[in-house]
Amino acid sequence: MNNRSGHDDVVRSERRGAVAILRINRPEARNALNAAVFAALNRHLAELRTDDSVRAIVLAGASGVFCAGADITAFDALRADPLIGQRRASGGTLWADLENFPKPVIAAVEGLALGGGLELVLACDTSIVGQGARLGLPEVKLGVIPGGGGTQRLIRALGKPRAMALLLSGDLVTGTEAATLGLVGKVVDDDEVVEQAIALAQRISANSPLAVALAKDAALAAQTGSIAAGLEHEKRNFVYSLASDDSHEGQAAFVAKRSPNFTGR
Ligand SMILES: CCCCCCCCCCCCC/C=C/C(=O)SCCNC(=O)CCNC(=O)[C@H](O)C(C)(C)COP(=O)(O)OP(=O)(O)OC[C@H]1O[C@@H](n2cnc3c(N)ncnc32)[C@H](O)[C@@H]1OP(=O)(O)O
């Protein structure tokens, strides 16, 4: 079905054990983001948040492309949306919901991650990118600027000189260059991206879900506050993890020389 109609399968979900894979599915528009995609992503995340059988998420795109950014043909809808000015970012709170999701989210970037597509990557915890992929924030070439957190997350990821060069030129970089810059987690062969992202998600899923959530929560605090406040946040989470059933199970499994069976409590 032509997804330009905004049909509900604009985001497809599949499972690999404890890993949920979400695929943006608008190949006819290079997986460009529109209201239907945002609504579907929000719905899937809401379901996965409370599904204890899911321990990690992989975000990917259909047909060998991650995402070509916001749907440029939807700009009129954005202009007409009275809430855009009041929203923290265009597209609502998806970006922050993704960044603060209580389970790890890994972007599997094949082909293209442009504009809002790269902003999705930057909101994820980490990313696996194909060496030949092209990434960038070309918004300034369209007379707009990133509206999904790209100006803030790019400078935190790369530092001012490198971030400004990409942000103000709209230049694209390859997956290999992105890895060298520190824009992505890992670069792999183009045909291994999704499987490597799933493999990373599966390794994370074997760990204590509670410890993973507490570690992510503490690490994210480093992006917003002082190191003193971040260390206090880490200490609170450490003490909480030490008192958990999972920490007792991890200790017992080590002593008994067996694999732990974590419950996330
Ligand atoms: C009202 C409530 C709002 C809800 C939320 C809505 C979305 C809000 C998101 C807000 C995000 C924050 C701000 C972000 C802004 C942006 O991301 S701006 C867009 C940045 N991206 C680009 O500039 C990329 C534009 N596209 C291209 O450069 C090229 O198309 C390509 C991606 C490099 C692919 O080129 P090629 O392989 O040569 O194929 P094409 O023929 O060019 O494209 C194939 C078809 O796909 C359509 N398409 C591609 N990109 C987009 C896009 N971004 N938006 C819409 N459509 C796109 C292209 O038009 C072709 O379609 P057809 O002509 O019908 O075949």
# chains A, B, ... in the order shown; residues from 1 in each chain; ligands from 1
>>> residues_around(residues="Arg265 of chain A", least_positions_apart="2", cutoff="12 Å", atoms="only C-alpha atoms", output="number ranges by chain")
A: 52, 208-214, 240-250, 261-263
>>> write_last_selection(atoms="all heavy atoms", output="compact mmCIF listing (two decimals), in the first residue's frame")
# COMPACT_ATOMS: atom_id res chain seq x y z
N ASP A 52 7.56 -6.19 29.59
CA ASP A 52 8.78 -6.65 30.27
C ASP A 52 9.53 -7.71 29.47
O ASP A 52 10.69 -8.02 29.75
CB ASP A 52 8.43 -7.23 31.66
CG ASP A 52 8.05 -6.12 32.64
OD1 ASP A 52 8.36 -4.94 32.33
OD2 ASP A 52 7.43 -6.42 33.68
N SER A 208 21.42 -7.33 33.27
CA SER A 208 20.30 -6.99 34.15
C SER A 208 19.53 -5.81 33.57
O SER A 208 20.09 -4.72 33.39
CB SER A 208 20.83 -6.60 35.53
OG SER A 208 19.88 -5.81 36.22
N PRO A 209 18.24 -5.97 33.27
CA PRO A 209 17.47 -4.85 32.72
C PRO A 209 17.44 -3.65 33.65
O PRO A 209 17.47 -2.50 33.22
CB PRO A 209 16.05 -5.42 32.53
CG PRO A 209 16.20 -6.89 32.60
CD PRO A 209 17.40 -7.19 33.41
N LEU A 210 17.42 -3.95 34.96
CA LEU A 210 17.41 -2.86 35.94
C LEU A 210 18.73 -2.11 35.93
O LEU A 210 18.77 -0.88 35.87
CB LEU A 210 17.13 -3.41 37.34
CG LEU A 210 17.15 -2.37 38.46
CD1 LEU A 210 16.05 -1.32 38.27
CD2 LEU A 210 16.99 -3.06 39.82
N ALA A 211 19.85 -2.85 35.93
CA ALA A 211 21.17 -2.21 35.92
C ALA A 211 21.36 -1.43 34.62
O ALA A 211 21.88 -0.30 34.62
CB ALA A 211 22.27 -3.25 36.08
N VAL A 212 20.89 -1.98 33.50
CA VAL A 212 21.01 -1.27 32.21
C VAL A 212 20.22 0.04 32.27
O VAL A 212 20.72 1.10 31.88
CB VAL A 212 20.51 -2.18 31.07
CG1 VAL A 212 20.31 -1.38 29.77
CG2 VAL A 212 21.49 -3.33 30.82
N ALA A 213 19.01 -0.01 32.81
CA ALA A 213 18.17 1.20 32.89
C ALA A 213 18.81 2.23 33.83
O ALA A 213 18.86 3.43 33.52
CB ALA A 213 16.77 0.85 33.36
N LEU A 214 19.36 1.77 34.96
CA LEU A 214 19.97 2.69 35.93
C LEU A 214 21.26 3.29 35.38
O LEU A 214 21.55 4.48 35.59
CB LEU A 214 20.25 1.95 37.25
CG LEU A 214 19.01 1.56 38.07
CD1 LEU A 214 19.42 0.61 39.20
CD2 LEU A 214 18.32 2.80 38.64
N TYR A 240 21.01 1.92 44.62
CA TYR A 240 19.75 1.24 44.28
C TYR A 240 20.05 -0.11 43.61
O TYR A 240 19.46 -1.14 43.95
CB TYR A 240 18.91 2.13 43.36
CG TYR A 240 17.49 1.65 43.14
CD1 TYR A 240 16.45 2.07 43.97
CD2 TYR A 240 17.20 0.75 42.11
CE1 TYR A 240 15.15 1.61 43.77
CE2 TYR A 240 15.91 0.29 41.92
CZ TYR A 240 14.89 0.72 42.75
OH TYR A 240 13.60 0.26 42.56
N SER A 241 21.02 -0.10 42.68
CA SER A 241 21.32 -1.36 41.96
C SER A 241 21.89 -2.41 42.92
O SER A 241 21.58 -3.59 42.83
CB SER A 241 22.31 -1.09 40.82
OG SER A 241 23.60 -0.75 41.34
N LEU A 242 22.71 -1.94 43.88
CA LEU A 242 23.36 -2.88 44.81
C LEU A 242 22.33 -3.60 45.68
O LEU A 242 22.54 -4.75 46.09
CB LEU A 242 24.33 -2.10 45.70
CG LEU A 242 25.44 -2.87 46.41
CD1 LEU A 242 26.30 -3.65 45.42
CD2 LEU A 242 26.29 -1.90 47.23
N ALA A 243 21.21 -2.93 45.92
CA ALA A 243 20.16 -3.52 46.78
C ALA A 243 19.19 -4.39 45.98
O ALA A 243 18.29 -5.00 46.54
CB ALA A 243 19.39 -2.40 47.47
N SER A 244 19.39 -4.47 44.67
CA SER A 244 18.40 -5.16 43.82
C SER A 244 18.55 -6.68 43.86
O SER A 244 19.62 -7.23 44.17
CB SER A 244 18.57 -4.69 42.37
OG SER A 244 19.80 -5.19 41.85
N ASP A 245 17.45 -7.37 43.51
CA ASP A 245 17.51 -8.83 43.36
C ASP A 245 18.55 -9.19 42.30
O ASP A 245 19.29 -10.17 42.44
CB ASP A 245 16.13 -9.36 42.92
CG ASP A 245 15.08 -9.20 44.01
OD1 ASP A 245 15.47 -8.90 45.17
OD2 ASP A 245 13.88 -9.37 43.70
N ASP A 246 18.60 -8.39 41.23
CA ASP A 246 19.53 -8.69 40.14
C ASP A 246 20.98 -8.66 40.60
O ASP A 246 21.81 -9.46 40.15
CB ASP A 246 19.32 -7.72 38.97
CG ASP A 246 18.23 -8.20 38.01
OD1 ASP A 246 17.65 -9.28 38.27
OD2 ASP A 246 17.96 -7.48 37.03
N SER A 247 21.31 -7.74 41.54
CA SER A 247 22.71 -7.69 41.98
C SER A 247 23.02 -8.93 42.82
O SER A 247 24.12 -9.49 42.73
CB SER A 247 23.00 -6.41 42.75
OG SER A 247 22.87 -6.59 44.14
N HIS A 248 22.05 -9.37 43.61
CA HIS A 248 22.26 -10.62 44.38
C HIS A 248 22.40 -11.79 43.42
O HIS A 248 23.25 -12.68 43.60
CB HIS A 248 21.10 -10.85 45.36
CG HIS A 248 21.11 -9.92 46.54
ND1 HIS A 248 20.46 -8.72 46.57
CD2 HIS A 248 21.75 -10.00 47.74
CE1 HIS A 248 20.65 -8.10 47.72
NE2 HIS A 248 21.44 -8.86 48.46
N GLU A 249 21.59 -11.81 42.35
CA GLU A 249 21.65 -12.91 41.37
C GLU A 249 22.98 -12.85 40.63
O GLU A 249 23.62 -13.88 40.38
CB GLU A 249 20.48 -12.81 40.40
CG GLU A 249 20.59 -13.63 39.13
CD GLU A 249 20.71 -15.15 39.37
OE1 GLU A 249 20.49 -15.59 40.52
OE2 GLU A 249 21.05 -15.86 38.39
N GLY A 250 23.43 -11.64 40.27
CA GLY A 250 24.70 -11.53 39.55
C GLY A 250 25.86 -12.05 40.40
O GLY A 250 26.73 -12.78 39.92
N ASN A 261 20.48 -15.27 35.85
CA ASN A 261 19.11 -15.21 35.32
C ASN A 261 18.45 -13.96 35.90
O ASN A 261 17.83 -13.99 36.96
CB ASN A 261 18.35 -16.47 35.72
CG ASN A 261 16.91 -16.44 35.21
OD1 ASN A 261 16.63 -15.77 34.19
ND2 ASN A 261 16.01 -17.09 35.91
N PHE A 262 18.62 -12.85 35.18
CA PHE A 262 18.16 -11.57 35.69
C PHE A 262 16.65 -11.39 35.50
O PHE A 262 16.10 -11.79 34.47
CB PHE A 262 18.90 -10.43 34.99
CG PHE A 262 20.36 -10.37 35.33
CD1 PHE A 262 21.33 -10.45 34.34
CD2 PHE A 262 20.78 -10.23 36.65
CE1 PHE A 262 22.68 -10.38 34.64
CE2 PHE A 262 22.13 -10.17 36.97
CZ PHE A 262 23.08 -10.24 35.97
N THR A 263 16.00 -10.76 36.45
CA THR A 263 14.56 -10.53 36.37
C THR A 263 14.22 -9.06 36.18
O THR A 263 13.09 -8.69 35.93
CB THR A 263 13.87 -11.00 37.67
OG1 THR A 263 14.41 -10.21 38.75
CG2 THR A 263 14.12 -12.48 37.90
>>> select_by_dssp(residues="segment 75-129 of chain A", states="helix (DSSP H, G or I)", output="list of chain:residue names")
A:Phe75, A:Asp76, A:Ala77, A:Leu78, A:Arg79, A:Ala80, A:Leu94, A:Trp95, A:Ala96, A:Asp97, A:Leu98, A:Glu99, A:Gly116, A:Gly117, A:Leu118, A:Glu119, A:Leu120, A:Val121, A:Leu122, A:Ala123
>>> residues_around(residues="segment 118-122 of chain A", least_positions_apart="2", cutoff="8 Å", atoms="only C-alpha atoms", output="CSV table (one decimal) with N, CA, C and O atoms, in the first residue's frame")
chain,number,residue,atom,x,y,z
A,67,CYS,N,16.4,7.1,7.2
A,67,CYS,CA,15.3,8.1,7.1
A,67,CYS,C,15.9,9.4,6.4
A,67,CYS,O,17.0,9.8,6.8
A,69,GLY,N,14.7,12.3,6.7
A,69,GLY,CA,14.3,13.5,7.4
A,69,GLY,C,12.8,13.7,7.4
A,69,GLY,O,12.0,12.9,7.0
A,95,TRP,N,11.2,13.0,20.4
A,95,TRP,CA,12.7,13.1,20.5
A,95,TRP,C,13.2,12.8,22.0
A,95,TRP,O,14.0,12.0,22.2
A,107,ALA,N,20.1,2.7,17.0
A,107,ALA,CA,19.7,3.0,15.6
A,107,ALA,C,20.5,2.2,14.6
A,107,ALA,O,21.8,2.1,14.8
A,109,VAL,N,21.5,2.3,11.0
A,109,VAL,CA,21.5,3.3,10.0
A,109,VAL,C,22.1,2.8,8.7
A,109,VAL,O,23.3,2.7,8.5
A,113,ALA,N,20.7,9.0,6.6
A,113,ALA,CA,20.1,9.6,7.9
A,113,ALA,C,20.3,11.1,7.7
A,113,ALA,O,21.4,11.6,8.0
A,114,LEU,N,19.2,11.7,7.3
A,114,LEU,CA,19.3,13.2,7.0
A,114,LEU,C,18.3,14.0,7.8
A,114,LEU,O,17.2,13.5,8.0
A,115,GLY,N,18.7,15.2,8.2
A,115,GLY,CA,17.8,16.0,8.9
A,115,GLY,C,17.2,15.3,10.1
A,115,GLY,O,17.9,14.8,11.0
A,116,GLY,N,15.8,15.3,10.1
A,116,GLY,CA,15.1,14.6,11.2
A,116,GLY,C,15.6,13.2,11.4
A,116,GLY,O,15.5,12.6,12.5
A,124,CYS,N,18.9,8.5,19.9
A,124,CYS,CA,19.0,7.1,20.3
A,124,CYS,C,20.3,7.0,21.2
A,124,CYS,O,21.1,7.9,21.2
A,125,ASP,N,20.4,5.8,21.9
A,125,ASP,CA,21.6,5.7,22.8
A,125,ASP,C,22.9,5.5,22.0
A,125,ASP,O,23.9,6.0,22.4
A,126,THR,N,22.8,4.7,21.0
A,126,THR,CA,24.0,4.5,20.1
A,126,THR,C,23.5,4.1,18.8
A,126,THR,O,22.3,4.0,18.5
A,127,SER,N,24.4,3.8,17.9
A,127,SER,CA,24.0,3.6,16.5
A,127,SER,C,25.1,2.7,15.8
A,127,SER,O,26.3,2.8,16.1
A,135,LEU,N,25.1,10.8,6.1
A,135,LEU,CA,24.4,11.4,7.3
A,135,LEU,C,24.7,12.9,7.2
A,135,LEU,O,25.8,13.4,6.8
A,136,GLY,N,23.7,13.7,7.7
A,136,GLY,CA,23.9,15.1,7.8
A,136,GLY,C,22.6,15.8,8.2
A,136,GLY,O,21.6,15.2,8.2
A,137,LEU,N,22.8,17.1,8.4
A,137,LEU,CA,21.7,18.0,8.7
A,137,LEU,C,21.5,19.1,7.6
A,137,LEU,O,22.0,20.2,7.8
A,146,PRO,N,17.4,22.4,12.0
A,146,PRO,CA,16.9,21.2,12.7
A,146,PRO,C,15.9,21.6,13.8
A,146,PRO,O,16.1,22.6,14.4
A,148,GLY,N,14.4,18.9,15.7
A,148,GLY,CA,14.2,17.7,16.6
A,148,GLY,C,15.4,17.5,17.5
A,148,GLY,O,15.8,16.4,17.8
A,149,GLY,N,16.0,18.7,17.9
A,149,GLY,CA,17.1,18.6,18.9
A,149,GLY,C,18.5,18.5,18.2
A,149,GLY,O,19.5,18.4,18.9
A,150,GLY,N,18.6,18.6,16.9
A,150,GLY,CA,19.9,18.4,16.2
A,150,GLY,C,20.9,19.4,16.6
A,150,GLY,O,22.1,19.1,16.8
A,153,ARG,N,22.1,18.3,20.2
A,153,ARG,CA,22.7,17.0,20.4
A,153,ARG,C,24.0,16.9,19.5
A,153,ARG,O,24.9,16.2,19.9
A,154,LEU,N,24.0,17.5,18.4
A,154,LEU,CA,25.2,17.5,17.5
A,154,LEU,C,26.4,18.1,18.2
A,154,LEU,O,27.5,17.5,18.2
A,183,LEU,N,30.2,10.7,15.6
A,183,LEU,CA,28.8,10.9,15.4
A,183,LEU,C,28.0,9.7,15.6
A,183,LEU,O,26.7,9.7,15.9
>>> atom_distance(atom1="atom CA of Ala35 of chain A", atom2="atom CA of Asp171 of chain A")
26.5 Å
>>> closest_residue(among="A:Ala229, A:Ala133, A:Ala29, A:Met164", to="ligand 1", atoms="only C-alpha atoms and all ligand atoms")
A:Ala29
>>> closest_atom_pairs(of="chain A", to="ligand 1", cutoff="8 Å", atoms="only C-alpha atoms and all ligand atoms", output="JSON lines")
{"residue": "A:Pro27", "atom": "CA", "partner": "ligand 1", "partner_atom_place_in_ligand_line": "46 (O)", "distance": 7.4}
{"residue": "A:Glu28", "atom": "CA", "partner": "ligand 1", "partner_atom_place_in_ligand_line": "46 (O)", "distance": 5.5}
{"residue": "A:Ala29", "atom": "CA", "partner": "ligand 1", "partner_atom_place_in_ligand_line": "46 (O)", "distance": 3.4}
{"residue": "A:Arg30", "atom": "CA", "partner": "ligand 1", "partner_atom_place_in_ligand_line": "46 (O)", "distance": 4.8}
{"residue": "A:Asn31", "atom": "CA", "partner": "ligand 1", "partner_atom_place_in_ligand_line": "51 (C)", "distance": 7.6}
{"residue": "A:Ala32", "atom": "CA", "partner": "ligand 1", "partner_atom_place_in_ligand_line": "52 (C)", "distance": 5.0}
{"residue": "A:Leu33", "atom": "CA", "partner": "ligand 1", "partner_atom_place_in_ligand_line": "7 (C)", "distance": 5.0}
{"residue": "A:Asn34", "atom": "CA", "partner": "ligand 1", "partner_atom_place_in_ligand_line": "6 (C)", "distance": 4.0}
{"residue": "A:Ala35", "atom": "CA", "partner": "ligand 1", "partner_atom_place_in_ligand_line": "4 (C)", "distance": 3.8}
{"residue": "A:Ala36", "atom": "CA", "partner": "ligand 1", "partner_atom_place_in_ligand_line": "4 (C)", "distance": 7.5}
{"residue": "A:Val37", "atom": "CA", "partner": "ligand 1", "partner_atom_place_in_ligand_line": "5 (C)", "distance": 7.8}
{"residue": "A:Phe38", "atom": "CA", "partner": "ligand 1", "partner_atom_place_in_ligand_line": "5 (C)", "distance": 5.9}
{"residue": "A:Ala39", "atom": "CA", "partner": "ligand 1", "partner_atom_place_in_ligand_line": "4 (C)", "distance": 7.9}
{"residue": "A:Cys67", "atom": "CA", "partner": "ligand 1", "partner_atom_place_in_ligand_line": "32 (C)", "distance": 7.8}
{"residue": "A:Ala68", "atom": "CA", "partner": "ligand 1", "partner_atom_place_in_ligand_line": "32 (C)", "distance": 4.7}
{"residue": "A:Gly69", "atom": "CA", "partner": "ligand 1", "partner_atom_place_in_ligand_line": "17 (O)", "distance": 3.5}
{"residue": "A:Ala70", "atom": "CA", "partner": "ligand 1", "partner_atom_place_in_ligand_line": "17 (O)", "distance": 3.8}
{"residue": "A:Asp71", "atom": "CA", "partner": "ligand 1", "partner_atom_place_in_ligand_line": "54 (N)", "distance": 3.3}
{"residue": "A:Ile72", "atom": "CA", "partner": "ligand 1", "partner_atom_place_in_ligand_line": "54 (N)", "distance": 4.0}
{"residue": "A:Thr73", "atom": "CA", "partner": "ligand 1", "partner_atom_place_in_ligand_line": "55 (C)", "distance": 5.5}
{"residue": "A:Ala74", "atom": "CA", "partner": "ligand 1", "partner_atom_place_in_ligand_line": "6 (C)", "distance": 6.6}
{"residue": "A:Phe75", "atom": "CA", "partner": "ligand 1", "partner_atom_place_in_ligand_line": "6 (C)", "distance": 7.7}
{"residue": "A:Ala77", "atom": "CA", "partner": "ligand 1", "partner_atom_place_in_ligand_line": "1 (C)", "distance": 4.7}
{"residue": "A:Leu78", "atom": "CA", "partner": "ligand 1", "partner_atom_place_in_ligand_line": "1 (C)", "distance": 4.5}
{"residue": "A:Arg79", "atom": "CA", "partner": "ligand 1", "partner_atom_place_in_ligand_line": "1 (C)", "distance": 7.8}
{"residue": "A:Ala80", "atom": "CA", "partner": "ligand 1", "partner_atom_place_in_ligand_line": "1 (C)", "distance": 7.3}
{"residue": "A:Asp81", "atom": "CA", "partner": "ligand 1", "partner_atom_place_in_ligand_line": "1 (C)", "distance": 5.4}
{"residue": "A:Ile84", "atom": "CA", "partner": "ligand 1", "partner_atom_place_in_ligand_line": "2 (C)", "distance": 7.8}
{"residue": "A:Ala89", "atom": "CA", "partner": "ligand 1", "partner_atom_place_in_ligand_line": "12 (C)", "distance": 7.0}
{"residue": "A:Ser90", "atom": "CA", "partner": "ligand 1", "partner_atom_place_in_ligand_line": "10 (C)", "distance": 4.7}
{"residue": "A:Gly91", "atom": "CA", "partner": "ligand 1", "partner_atom_place_in_ligand_line": "5 (C)", "distance": 3.9}
{"residue": "A:Gly92", "atom": "CA", "partner": "ligand 1", "partner_atom_place_in_ligand_line": "4 (C)", "distance": 7.0}
{"residue": "A:Leu112", "atom": "CA", "partner": "ligand 1", "partner_atom_place_in_ligand_line": "32 (C)", "distance": 6.8}
{"residue": "A:Leu114", "atom": "CA", "partner": "ligand 1", "partner_atom_place_in_ligand_line": "21 (N)", "distance": 5.1}
{"residue": "A:Gly115", "atom": "CA", "partner": "ligand 1", "partner_atom_place_in_ligand_line": "17 (O)", "distance": 3.5}
{"residue": "A:Gly116", "atom": "CA", "partner": "ligand 1", "partner_atom_place_in_ligand_line": "17 (O)", "distance": 3.8}
{"residue": "A:Gly117", "atom": "CA", "partner": "ligand 1", "partner_atom_place_in_ligand_line": "17 (O)", "distance": 6.4}
{"residue": "A:Glu119", "atom": "CA", "partner": "ligand 1", "partner_atom_place_in_ligand_line": "12 (C)", "distance": 7.6}
{"residue": "A:Leu137", "atom": "CA", "partner": "ligand 1", "partner_atom_place_in_ligand_line": "20 (C)", "distance": 6.7}
{"residue": "A:Pro138", "atom": "CA", "partner": "ligand 1", "partner_atom_place_in_ligand_line": "23 (O)", "distance": 5.3}
{"residue": "A:Glu139", "atom": "CA", "partner": "ligand 1", "partner_atom_place_in_ligand_line": "18 (S)", "distance": 4.8}
{"residue": "A:Lys141", "atom": "CA", "partner": "ligand 1", "partner_atom_place_in_ligand_line": "23 (O)", "distance": 7.3}
{"residue": "A:Leu142", "atom": "CA", "partner": "ligand 1", "partner_atom_place_in_ligand_line": "23 (O)", "distance": 6.8}
{"residue": "A:Val144", "atom": "CA", "partner": "ligand 1", "partner_atom_place_in_ligand_line": "18 (S)", "distance": 7.2}
{"residue": "A:Ile145", "atom": "CA", "partner": "ligand 1", "partner_atom_place_in_ligand_line": "13 (C)", "distance": 6.6}
{"residue": "A:Pro146", "atom": "CA", "partner": "ligand 1", "partner_atom_place_in_ligand_line": "13 (C)", "distance": 4.5}
{"residue": "A:Gly147", "atom": "CA", "partner": "ligand 1", "partner_atom_place_in_ligand_line": "12 (C)", "distance": 3.6}
{"residue": "A:Gly148", "atom": "CA", "partner": "ligand 1", "partner_atom_place_in_ligand_line": "12 (C)", "distance": 4.2}
{"residue": "A:Gly149", "atom": "CA", "partner": "ligand 1", "partner_atom_place_in_ligand_line": "12 (C)", "distance": 7.7}
>>> atom_distance(atom1="atom CA of Leu166 of chain A", atom2="atom CA of Leu220 of chain A")
23.8 Å
>>> closest_residue(among="A:Ala96, A:Ala20, A:Ile227, A:Val11", to="Arg55 of chain A", atoms="only C-alpha atoms")
A:Ala20
>>> closest_residue(among="A:Ala252, A:Ile204, A:Val129, A:Ala215", to="Asn237 of chain A", atoms="only C-alpha atoms")
A:Ala215
>>> closest_residue(among="A:Val10, A:Lys235, A:Pro104, A:Gln223", to="Gln202 of chain A", atoms="only C-alpha atoms")
A:Pro104
>>> closest_residue(among="A:Pro161, A:Gly17, A:Pro260, A:Gly175", to="Ser53 of chain A", atoms="only C-alpha atoms")
A:Gly17
>>> residues_around(residues="Ala62 of chain A", least_positions_apart="6", cutoff="7 Å", atoms="only C-alpha atoms", output="JSON, numbers by chain")
{"A": [23, 24, 25, 27]}
>>> write_last_selection(atoms="N, CA and C atoms", output="short mmCIF file (atom, residue, chain, number, x, y, z; two decimals), in the first residue's frame")
data_model
loop_
_atom_site.label_atom_id
_atom_site.label_comp_id
_atom_site.auth_asym_id
_atom_site.auth_seq_id
_atom_site.Cartn_x
_atom_site.Cartn_y
_atom_site.Cartn_z
N ARG A 23 10.76 -0.52 12.30
CA ARG A 23 11.23 -0.07 10.99
C ARG A 23 10.30 1.01 10.44
N ILE A 24 10.88 2.21 10.20
CA ILE A 24 10.10 3.24 9.52
C ILE A 24 9.85 2.75 8.10
N ASN A 25 8.60 2.76 7.67
CA ASN A 25 8.24 2.04 6.44
C ASN A 25 7.50 2.94 5.47
N PRO A 27 9.10 3.63 2.16
CA PRO A 27 10.22 3.60 1.19
C PRO A 27 9.99 4.51 -0.01
#
>>> decode(residues="segment 58-70 of chain A", atoms="N, CA, C and O atoms", output="mmCIF file, in the first residue's frame")
data_model
loop_
_atom_site.group_PDB
_atom_site.id
_atom_site.type_symbol
_atom_site.label_atom_id
_atom_site.label_comp_id
_atom_site.auth_asym_id
_atom_site.auth_seq_id
_atom_site.Cartn_x
_atom_site.Cartn_y
_atom_site.Cartn_z
ATOM 1 N N VAL A 58 15.691 -1.829 18.532
ATOM 2 C CA VAL A 58 16.476 -1.407 17.370
ATOM 3 C C VAL A 58 15.553 -0.587 16.476
ATOM 4 O O VAL A 58 14.438 -1.025 16.161
ATOM 5 N N LEU A 59 15.984 0.640 16.122
ATOM 6 C CA LEU A 59 15.208 1.509 15.232
ATOM 7 C C LEU A 59 15.879 1.491 13.863
ATOM 8 O O LEU A 59 17.065 1.808 13.754
ATOM 9 N N ALA A 60 15.152 1.076 12.842
ATOM 10 C CA ALA A 60 15.724 0.943 11.500
ATOM 11 C C ALA A 60 14.758 1.542 10.483
ATOM 12 O O ALA A 60 13.691 2.053 10.838
ATOM 13 N N GLY A 61 15.143 1.466 9.218
ATOM 14 C CA GLY A 61 14.285 1.942 8.136
ATOM 15 C C GLY A 61 14.092 0.845 7.105
ATOM 16 O O GLY A 61 14.913 -0.080 7.008
ATOM 17 N N ALA A 62 13.064 0.970 6.313
ATOM 18 C CA ALA A 62 12.773 -0.034 5.284
ATOM 19 C C ALA A 62 13.623 0.226 4.042
ATOM 20 O O ALA A 62 14.114 1.345 3.817
ATOM 21 N N SER A 63 13.798 -0.823 3.264
ATOM 22 C CA SER A 63 14.406 -0.742 1.929
ATOM 23 C C SER A 63 15.801 -0.137 1.917
ATOM 24 O O SER A 63 16.143 0.669 1.043
ATOM 25 N N GLY A 64 16.602 -0.471 2.910
ATOM 26 C CA GLY A 64 18.015 -0.081 2.886
ATOM 27 C C GLY A 64 18.276 1.384 3.157
ATOM 28 O O GLY A 64 19.374 1.890 2.868
ATOM 29 N N VAL A 65 17.269 2.083 3.669
ATOM 30 C CA VAL A 65 17.435 3.508 4.012
ATOM 31 C C VAL A 65 16.938 3.703 5.448
ATOM 32 O O VAL A 65 15.893 3.163 5.818
ATOM 33 N N PHE A 66 17.658 4.500 6.241
ATOM 34 C CA PHE A 66 17.149 4.775 7.591
ATOM 35 C C PHE A 66 16.018 5.800 7.486
ATOM 36 O O PHE A 66 14.844 5.464 7.632
ATOM 37 N N CYS A 67 16.373 7.062 7.161
ATOM 38 C CA CYS A 67 15.336 8.107 7.094
ATOM 39 C C CYS A 67 15.889 9.363 6.426
ATOM 40 O O CYS A 67 16.953 9.844 6.783
ATOM 41 N N ALA A 68 15.129 9.885 5.466
ATOM 42 C CA ALA A 68 15.561 11.077 4.720
ATOM 43 C C ALA A 68 15.124 12.366 5.411
ATOM 44 O O ALA A 68 15.182 13.437 4.804
ATOM 45 N N GLY A 69 14.654 12.266 6.655
ATOM 46 C CA GLY A 69 14.301 13.475 7.407
ATOM 47 C C GLY A 69 12.820 13.743 7.403
ATOM 48 O O GLY A 69 12.015 12.885 7.039
ATOM 49 N N ALA A 70 12.461 14.938 7.813
ATOM 50 C CA ALA A 70 11.051 15.326 7.827
ATOM 51 C C ALA A 70 10.506 15.283 6.404
ATOM 52 O O ALA A 70 11.235 15.544 5.435
#
